[in-house]
>>> print(open('run.csv').read())   # CSV, C-alpha atoms
chain,number,residue,atom,x,y,z
A,1,MET,CA,0.0,0.0,0.0
A,2,GLN,CA,1.5,3.3,-1.0
A,3,THR,CA,1.0,5.9,1.7
A,4,ARG,CA,1.4,9.7,1.5
A,5,ILE,CA,0.9,11.9,4.5
A,6,ARG,CA,1.6,15.6,4.2
A,7,ILE,CA,1.0,18.5,6.6
A,8,GLN,CA,1.4,21.8,4.6
A,9,ARG,CA,0.4,25.4,4.4
A,10,GLU,CA,-0.3,25.4,0.7
A,11,ASP,CA,-3.3,24.2,-1.1
A,12,PHE,CA,-3.5,20.8,-2.9
A,13,ASP,CA,-4.7,19.6,-6.3
A,14,LEU,CA,-7.2,16.7,-6.0
A,15,ASN,CA,-6.8,15.6,-9.6
A,16,ARG,CA,-3.1,15.3,-9.2
A,17,GLU,CA,-3.4,13.3,-6.0
A,18,VAL,CA,-5.9,10.9,-7.5
A,19,ALA,CA,-3.6,10.5,-10.5
A,20,ASP,CA,-0.7,9.6,-8.2
A,21,LEU,CA,-2.9,6.9,-6.7
A,22,THR,CA,-3.9,5.3,-10.0
A,23,THR,CA,-0.9,5.6,-12.3
A,24,ASP,CA,0.4,2.1,-11.4
A,25,GLY,CA,-2.9,0.5,-12.5
A,26,GLU,CA,-3.5,-1.4,-9.2
A,27,ALA,CA,-6.6,0.6,-8.1
A,28,GLY,CA,-10.0,0.1,-9.7
A,29,ALA,CA,-11.6,2.7,-7.3
A,30,VAL,CA,-10.6,5.9,-5.6
A,31,ALA,CA,-12.8,7.5,-3.0
A,32,SER,CA,-11.9,10.9,-1.8
A,33,PHE,CA,-13.1,13.5,0.7
A,34,THR,CA,-12.1,17.2,0.9
A,35,GLY,CA,-13.1,19.3,3.8
A,36,HIS,CA,-13.4,23.1,3.5
A,37,VAL,CA,-13.7,26.2,5.7
A,38,ARG,CA,-17.4,26.8,6.1
A,39,LYS,CA,-18.7,30.4,6.0
A,40,GLU,CA,-20.4,30.8,9.3
A,41,GLY,CA,-21.6,34.3,10.3
A,42,ASP,CA,-18.8,36.8,10.4
A,43,LEU,CA,-16.0,34.2,10.3
A,44,SER,CA,-13.0,35.9,8.7
A,45,THR,CA,-10.1,33.5,9.3
A,46,LEU,CA,-9.6,30.0,10.5
A,47,THR,CA,-6.1,29.3,11.9
A,48,LEU,CA,-5.0,25.7,12.2
A,49,GLU,CA,-2.3,24.6,14.7
A,50,HIS,CA,-0.9,21.1,15.0
A,51,TYR,CA,1.6,19.0,16.9
A,52,PRO,CA,4.5,18.4,14.5
A,53,HIS,CA,5.7,14.8,14.3
A,54,MET,CA,2.9,13.4,16.4
A,55,THR,CA,0.4,14.5,13.7
A,56,GLU,CA,2.2,12.5,11.0
A,57,ALA,CA,2.7,9.6,13.4
A,58,GLU,CA,-0.9,9.5,14.4
A,59,ILE,CA,-2.2,9.7,10.9
A,60,ALA,CA,0.2,6.9,9.9
A,61,ARG,CA,-1.2,4.7,12.7
A,62,LEU,CA,-4.7,5.4,11.4
A,63,VAL,CA,-3.8,4.6,7.8
A,64,ALA,CA,-2.1,1.4,9.0
A,65,GLU,CA,-5.2,0.4,10.9
A,66,ALA,CA,-7.3,1.1,7.8
A,67,GLY,CA,-4.9,-1.1,5.8
A,68,THR,CA,-5.6,-4.0,8.2
A,69,ARG,CA,-9.4,-3.6,7.8
A,70,TRP,CA,-9.7,-3.2,4.0
A,71,PRO,CA,-7.6,-4.3,1.0
A,72,LEU,CA,-6.2,-0.9,0.0
A,73,THR,CA,-3.6,-0.1,-2.7
A,74,GLY,CA,-2.9,3.5,-1.6
A,75,VAL,CA,-3.9,6.2,0.8
A,76,THR,CA,-3.1,10.0,0.6
A,77,VAL,CA,-3.9,12.3,3.5
A,78,ILE,CA,-3.1,16.0,3.2
A,79,HIS,CA,-4.0,18.4,6.0
A,80,ARG,CA,-3.4,22.1,5.8
A,81,VAL,CA,-2.2,24.3,8.7
A,82,GLY,CA,-1.9,28.1,9.1
A,83,SER,CA,-4.5,30.8,8.2
A,84,LEU,CA,-7.4,29.8,6.0
A,85,LYS,CA,-10.4,31.7,4.6
A,86,PRO,CA,-14.0,30.6,4.1
A,87,GLY,CA,-14.1,28.3,1.0
A,88,ASP,CA,-10.5,27.2,1.4
A,89,SER,CA,-9.7,23.5,1.4
A,90,ILE,CA,-8.5,22.1,4.8
A,91,VAL,CA,-8.1,18.4,4.4
A,92,LEU,CA,-7.9,15.7,1.7
A,93,VAL,CA,-8.3,11.9,2.3
A,94,ALA,CA,-8.1,9.8,-0.8
A,95,VAL,CA,-8.2,6.0,-0.7
A,96,ALA,CA,-7.5,3.6,-3.5
A,97,SER,CA,-8.6,0.0,-3.7
A,98,GLN,CA,-9.4,-2.6,-6.3
A,99,HIS,CA,-13.1,-2.2,-5.6
A,100,ARG,CA,-15.3,0.7,-4.4
A,101,HIS,CA,-16.7,-0.6,-1.1
A,102,ALA,CA,-13.3,-0.8,0.5
A,103,ALA,CA,-12.4,2.7,-0.8
A,104,PHE,CA,-15.6,4.3,0.4
A,105,GLN,CA,-15.5,2.7,3.8
A,106,ALA,CA,-11.8,3.3,4.5
A,107,CYS,CA,-12.2,7.0,3.4
A,108,GLU,CA,-15.0,7.5,5.9
A,109,PHE,CA,-13.1,5.6,8.6
A,110,LEU,CA,-10.0,7.7,8.1
A,111,MET,CA,-12.0,11.0,8.3
A,112,ASP,CA,-13.8,9.9,11.4
A,113,PHE,CA,-10.6,9.0,13.2
A,114,LEU,CA,-8.7,12.0,11.9
A,115,LYS,CA,-11.3,14.2,13.5
A,116,THR,CA,-11.0,12.5,16.9
A,117,HIS,CA,-7.3,11.5,17.0
A,118,ALA,CA,-5.1,13.7,14.8
A,119,PRO,CA,-3.6,16.6,16.9
A,120,PHE,CA,-5.0,19.7,15.1
A,121,TRP,CA,-6.7,22.7,16.7
A,122,LYS,CA,-8.8,25.3,14.9
A,123,GLU,CA,-9.0,28.9,16.1
A,124,GLU,CA,-11.7,31.2,14.6
A,125,ALA,CA,-11.3,34.9,14.1
A,126,ARG,CA,-14.6,36.9,14.0
A,127,GLY,CA,-14.0,40.6,13.8
A,128,ALA,CA,-11.5,41.4,16.6
A,129,THR,CA,-12.3,38.4,18.6
A,130,HIS,CA,-10.6,35.0,18.5
A,131,HIS,CA,-11.8,31.7,20.0
A,132,TRP,CA,-10.8,28.1,19.8
A,133,VAL,CA,-13.3,25.7,18.2
A,134,GLU,CA,-14.8,23.3,20.6
A,135,HIS,CA,-14.5,19.5,20.0
A,136,ARG,CA,-17.8,18.0,18.8
A,137,HIS,CA,-19.1,15.0,20.7
A,138,SER,CA,-20.9,13.9,17.5
A,139,ASP,CA,-17.4,13.3,16.1
A,140,ASP,CA,-16.7,10.9,19.0
A,141,ASP,CA,-19.9,9.1,18.2
A,142,ALA,CA,-18.9,8.8,14.5
A,143,ALA,CA,-15.6,7.3,15.4
A,144,LYS,CA,-17.1,4.9,17.9
A,145,ARG,CA,-19.4,3.2,15.4
A,146,TRP,CA,-16.2,1.5,13.8
A,147,GLU,CA,-15.5,-0.3,17.1
A,148,SER,CA,-18.3,-2.8,16.8
B,1,MET,CA,11.3,15.8,30.8
B,2,ASN,CA,10.2,17.9,27.9
B,3,LEU,CA,6.8,19.5,28.1
B,4,LEU,CA,4.8,20.9,25.2
B,5,TYR,CA,1.6,22.9,25.2
B,6,PHE,CA,-0.8,23.5,22.3
B,7,ALA,CA,-3.8,25.7,21.5
B,8,TRP,CA,-5.5,27.4,24.5
B,9,VAL,CA,-3.4,25.4,27.0
B,10,ARG,CA,-0.3,27.1,25.4
B,11,GLN,CA,-2.0,30.5,25.6
B,12,LYS,CA,-3.1,30.1,29.3
B,13,ILE,CA,0.3,28.9,30.4
B,14,GLY,CA,2.1,31.5,28.2
B,15,LYS,CA,4.7,29.2,26.6
B,16,SER,CA,4.8,26.4,24.1
B,17,GLU,CA,7.6,24.3,25.6
B,18,GLU,CA,9.7,23.9,28.7
B,19,GLN,CA,12.0,21.4,30.5
B,20,LEU,CA,11.1,19.9,33.8
B,21,ALA,CA,13.8,18.4,36.1
B,22,THR,CA,11.4,17.4,39.0
B,23,PRO,CA,10.8,13.7,38.9
B,24,VAL,CA,7.1,12.7,38.8
B,25,ALA,CA,5.6,9.2,38.7
B,26,ASP,CA,2.8,9.7,36.2
B,27,VAL,CA,0.8,12.2,34.2
B,28,ALA,CA,-1.6,12.9,37.2
B,29,ALA,CA,1.4,13.7,39.4
B,30,LEU,CA,2.9,15.9,36.7
B,31,ILE,CA,-0.3,17.9,36.5
B,32,ALA,CA,-0.5,18.2,40.3
B,33,HIS,CA,3.1,19.5,40.3
B,34,LEU,CA,2.5,22.0,37.4
B,35,LYS,CA,-0.6,23.4,39.2
B,36,THR,CA,1.7,24.5,42.1
B,37,LEU,CA,3.8,26.6,39.7
B,38,GLY,CA,1.5,29.5,39.5
B,39,PRO,CA,-2.0,30.8,38.7
B,40,HIS,CA,-1.5,30.4,34.9
B,41,TYR,CA,-0.9,26.7,35.3
B,42,ALA,CA,-3.7,26.3,37.8
B,43,ASP,CA,-6.1,28.0,35.3
B,44,ALA,CA,-4.9,25.8,32.4
B,45,PHE,CA,-5.4,22.6,34.4
B,46,ALA,CA,-8.6,23.7,36.3
B,47,ASP,CA,-10.9,21.3,34.4
B,48,LEU,CA,-9.1,18.1,33.4
B,49,SER,CA,-12.2,17.0,31.4
B,50,ARG,CA,-11.0,19.6,28.8
B,51,ILE,CA,-7.4,18.4,28.8
B,52,ARG,CA,-5.9,15.7,26.6
B,53,VAL,CA,-2.4,14.2,27.0
B,54,ALA,CA,0.2,12.6,24.7
B,55,VAL,CA,3.3,10.9,26.0
B,56,ASN,CA,6.1,10.4,23.4
B,57,GLN,CA,3.6,11.5,20.7
B,58,ARG,CA,1.0,9.0,21.5
B,59,HIS,CA,-2.4,9.7,23.2
B,60,ALA,CA,-2.1,8.7,26.9
B,61,GLY,CA,-4.2,8.7,30.1
B,62,LEU,CA,-3.6,10.4,33.4
B,63,ASP,CA,-2.2,7.1,34.7
B,64,ALA,CA,0.6,6.9,32.1
B,65,LYS,CA,4.0,6.4,33.8
B,66,LEU,CA,6.7,9.0,33.1
B,67,GLY,CA,10.5,9.0,33.0
B,68,PRO,CA,13.1,11.8,32.7
B,69,GLN,CA,13.5,11.3,28.9
B,70,ASP,CA,9.8,11.5,28.1
B,71,GLU,CA,8.0,14.1,26.0
B,72,VAL,CA,4.7,15.0,27.4
B,73,ALA,CA,2.2,17.2,25.6
B,74,PHE,CA,-1.0,18.9,27.0
B,75,PHE,CA,-3.7,20.1,24.7
B,76,PRO,CA,-7.5,20.5,24.3
B,77,PRO,CA,-9.6,17.8,22.6
B,78,VAL,CA,-8.6,17.9,18.9
B,79,THR,CA,-10.6,19.8,16.2
B,80,GLY,CA,-9.0,19.1,12.9
B,81,GLY,CA,-10.4,17.7,9.7
>>> encode(input="run.csv", output="structure tokens")
Amino acid sequence: MQTRIRIQREDFDLNREVADLTTDGEAGAVASFTGHVRKEGDLSTLTLEHYPHMTEAEIARLVAEAGTRWPLTGVTVIHRVGSLKPGDSIVLVAVASQHRHAAFQACEFLMDFLKTHAPFWKEEARGATHHWVEHRHSDDDAAKRWES
Amino acid sequence: MNLLYFAWVRQKIGKSEEQLATPVADVAALIAHLKTLGPHYADAFADLSRIRVAVNQRHAGLDAKLGPQDEVAFFPPVTGG
């Protein structure tokens, strides 16, 4: 399984990432998810902080776990950090497999666990005020359903 | 031991990293010690339900044992993705 994990400030190109997962001809299916900064009220900037090294290690552990659950040929996870504006992309998870069911499920699994395990934190700027985004318990519930 | 703080934990304590020479048995004992260092620490660790811990870059609990070479990070529940 080819694995690419990148934490970066710059944007990514979905088509190029999918092409990188399919050029070897092993994959018959790629499922991808991109997350974006949602325009909510007077949100002006979303700033993402992370824990360098642990972030990459934690995502690698999640990808390895996905690889034990489904027959995957490749996984790419890209997460942006720094200052982002409404509409900007934040995260890409792209999963390649021989067949679609594994790709769909592993993509969702990775997003659910990335939300609850990868050490990123979002700070919102609204006008002159800044505040840290609160963790959502619904994200914990989403991750827990993979335990059964 | 190397201590790291992220997000609002970093802001409340007023620094992102520091070294600690005082020996502590586990994460709970480390937090108890840090809370004696001043009001900023006491404020940051006032509600442990809002604090998460990593030891050597893996998620850990309050009962995780600690040694002098360990890296311990404190942060709020994560909000990436």
>>> interface_residues(input="run.csv", of="chain A", to="chain B", cutoff="12 Å", atoms="all atoms listed in the file", output="number ranges by chain")
A: 7, 33-37, 46-61, 77-81, 89-93, 108, 110-124, 130-140
>>> atom_distance(input="run.csv", atom1="atom CA of A:Pro71", atom2="atom CA of A:Gln8")
27.8 Å
>>> atom_distance(input="run.csv", atom1="atom CA of B:Ser16", atom2="atom CA of A:Asp11")
26.6 Å
>>> closest_residue(input="run.csv", among="A:Ala128, A:Leu84, A:Ala94, A:Ala64", to="A:Thr22", atoms="all atoms listed in the file")
A:Ala94
>>> residues_around(input="run.csv", residues="A:Met1", least_positions_apart="6", cutoff="9 Å", atoms="only C-alpha atoms", output="ChimeraX atom specification")
/A:67,71-75
>>> atom_distance(input="run.csv", atom1="atom CA of B:Val24", atom2="atom CA of B:Thr36")
13.4 Å
>>> residues_near_point(input="run.csv", point="(-3.4, 8.1, 30.9)", cutoff="12 Å", atoms="all atoms listed in the file", output="ChimeraX atom specification")
/B:25-31,48,51-55,58-66,72-74
>>> decode(input="run.csv", residues="chain B", atoms="C-alpha atoms", output="PDB file, in the first residue's frame")
ATOM      1  CA  MET B   1      11.332  15.763  30.781  1.00  0.00           C
ATOM      2  CA  ASN B   2      10.224  17.885  27.852  1.00  0.00           C
ATOM      3  CA  LEU B   3       6.779  19.497  28.131  1.00  0.00           C
ATOM      4  CA  LEU B   4       4.773  20.857  25.201  1.00  0.00           C
ATOM      5  CA  TYR B   5       1.557  22.887  25.232  1.00  0.00           C
ATOM      6  CA  PHE B   6      -0.840  23.502  22.349  1.00  0.00           C
ATOM      7  CA  ALA B   7      -3.829  25.721  21.498  1.00  0.00           C
ATOM      8  CA  TRP B   8      -5.477  27.389  24.528  1.00  0.00           C
ATOM      9  CA  VAL B   9      -3.377  25.366  26.959  1.00  0.00           C
ATOM     10  CA  ARG B  10      -0.321  27.073  25.435  1.00  0.00           C
ATOM     11  CA  GLN B  11      -2.009  30.479  25.635  1.00  0.00           C
ATOM     12  CA  LYS B  12      -3.082  30.062  29.271  1.00  0.00           C
ATOM     13  CA  ILE B  13       0.350  28.881  30.390  1.00  0.00           C
ATOM     14  CA  GLY B  14       2.084  31.481  28.249  1.00  0.00           C
ATOM     15  CA  LYS B  15       4.682  29.235  26.633  1.00  0.00           C
ATOM     16  CA  SER B  16       4.790  26.408  24.113  1.00  0.00           C
ATOM     17  CA  GLU B  17       7.585  24.300  25.589  1.00  0.00           C
ATOM     18  CA  GLU B  18       9.655  23.858  28.732  1.00  0.00           C
ATOM     19  CA  GLN B  19      11.976  21.426  30.472  1.00  0.00           C
ATOM     20  CA  LEU B  20      11.141  19.925  33.848  1.00  0.00           C
ATOM     21  CA  ALA B  21      13.773  18.354  36.098  1.00  0.00           C
ATOM     22  CA  THR B  22      11.437  17.428  38.968  1.00  0.00           C
ATOM     23  CA  PRO B  23      10.798  13.670  38.944  1.00  0.00           C
ATOM     24  CA  VAL B  24       7.124  12.677  38.753  1.00  0.00           C
ATOM     25  CA  ALA B  25       5.633   9.187  38.681  1.00  0.00           C
ATOM     26  CA  ASP B  26       2.839   9.667  36.184  1.00  0.00           C
ATOM     27  CA  VAL B  27       0.797  12.221  34.248  1.00  0.00           C
ATOM     28  CA  ALA B  28      -1.561  12.898  37.172  1.00  0.00           C
ATOM     29  CA  ALA B  29       1.402  13.661  39.434  1.00  0.00           C
ATOM     30  CA  LEU B  30       2.912  15.900  36.749  1.00  0.00           C
ATOM     31  CA  ILE B  31      -0.312  17.922  36.514  1.00  0.00           C
ATOM     32  CA  ALA B  32      -0.494  18.200  40.319  1.00  0.00           C
ATOM     33  CA  HIS B  33       3.068  19.536  40.301  1.00  0.00           C
ATOM     34  CA  LEU B  34       2.451  21.983  37.443  1.00  0.00           C
ATOM     35  CA  LYS B  35      -0.607  23.409  39.222  1.00  0.00           C
ATOM     36  CA  THR B  36       1.683  24.507  42.085  1.00  0.00           C
ATOM     37  CA  LEU B  37       3.849  26.579  39.717  1.00  0.00           C
ATOM     38  CA  GLY B  38       1.458  29.515  39.493  1.00  0.00           C
ATOM     39  CA  PRO B  39      -2.025  30.768  38.651  1.00  0.00           C
ATOM     40  CA  HIS B  40      -1.528  30.375  34.873  1.00  0.00           C
ATOM     41  CA  TYR B  41      -0.924  26.655  35.325  1.00  0.00           C
ATOM     42  CA  ALA B  42      -3.743  26.296  37.846  1.00  0.00           C
ATOM     43  CA  ASP B  43      -6.076  27.968  35.348  1.00  0.00           C
ATOM     44  CA  ALA B  44      -4.943  25.793  32.419  1.00  0.00           C
ATOM     45  CA  PHE B  45      -5.442  22.583  34.416  1.00  0.00           C
ATOM     46  CA  ALA B  46      -8.565  23.661  36.339  1.00  0.00           C
ATOM     47  CA  ASP B  47     -10.864  21.306  34.407  1.00  0.00           C
ATOM     48  CA  LEU B  48      -9.132  18.077  33.425  1.00  0.00           C
ATOM     49  CA  SER B  49     -12.152  16.961  31.379  1.00  0.00           C
ATOM     50  CA  ARG B  50     -11.017  19.566  28.830  1.00  0.00           C
ATOM     51  CA  ILE B  51      -7.381  18.406  28.753  1.00  0.00           C
ATOM     52  CA  ARG B  52      -5.877  15.667  26.593  1.00  0.00           C
ATOM     53  CA  VAL B  53      -2.387  14.203  26.999  1.00  0.00           C
ATOM     54  CA  ALA B  54       0.208  12.624  24.737  1.00  0.00           C
ATOM     55  CA  VAL B  55       3.328  10.855  25.971  1.00  0.00           C
ATOM     56  CA  ASN B  56       6.091  10.447  23.399  1.00  0.00           C
ATOM     57  CA  GLN B  57       3.646  11.497  20.678  1.00  0.00           C
ATOM     58  CA  ARG B  58       0.958   8.950  21.490  1.00  0.00           C
ATOM     59  CA  HIS B  59      -2.366   9.654  23.170  1.00  0.00           C
ATOM     60  CA  ALA B  60      -2.134   8.713  26.851  1.00  0.00           C
ATOM     61  CA  GLY B  61      -4.159   8.747  30.052  1.00  0.00           C
ATOM     62  CA  LEU B  62      -3.613  10.396  33.437  1.00  0.00           C
ATOM     63  CA  ASP B  63      -2.159   7.114  34.738  1.00  0.00           C
ATOM     64  CA  ALA B  64       0.618   6.913  32.115  1.00  0.00           C
ATOM     65  CA  LYS B  65       4.005   6.406  33.805  1.00  0.00           C
ATOM     66  CA  LEU B  66       6.702   9.013  33.125  1.00  0.00           C
ATOM     67  CA  GLY B  67      10.490   9.014  33.042  1.00  0.00           C
ATOM     68  CA  PRO B  68      13.080  11.788  32.678  1.00  0.00           C
ATOM     69  CA  GLN B  69      13.476  11.323  28.901  1.00  0.00           C
ATOM     70  CA  ASP B  70       9.773  11.489  28.084  1.00  0.00           C
ATOM     71  CA  GLU B  71       8.049  14.120  25.967  1.00  0.00           C
ATOM     72  CA  VAL B  72       4.669  15.036  27.437  1.00  0.00           C
ATOM     73  CA  ALA B  73       2.171  17.237  25.600  1.00  0.00           C
ATOM     74  CA  PHE B  74      -0.998  18.851  26.955  1.00  0.00           C
ATOM     75  CA  PHE B  75      -3.735  20.121  24.663  1.00  0.00           C
ATOM     76  CA  PRO B  76      -7.518  20.491  24.282  1.00  0.00           C
ATOM     77  CA  PRO B  77      -9.618  17.808  22.558  1.00  0.00           C
ATOM     78  CA  VAL B  78      -8.631  17.916  18.887  1.00  0.00           C
ATOM     79  CA  THR B  79     -10.606  19.827  16.238  1.00  0.00           C
ATOM     80  CA  GLY B  80      -8.950  19.058  12.901  1.00  0.00           C
ATOM     81  CA  GLY B  81     -10.414  17.686   9.716  1.00  0.00           C
TER      82      GLY B  81
END
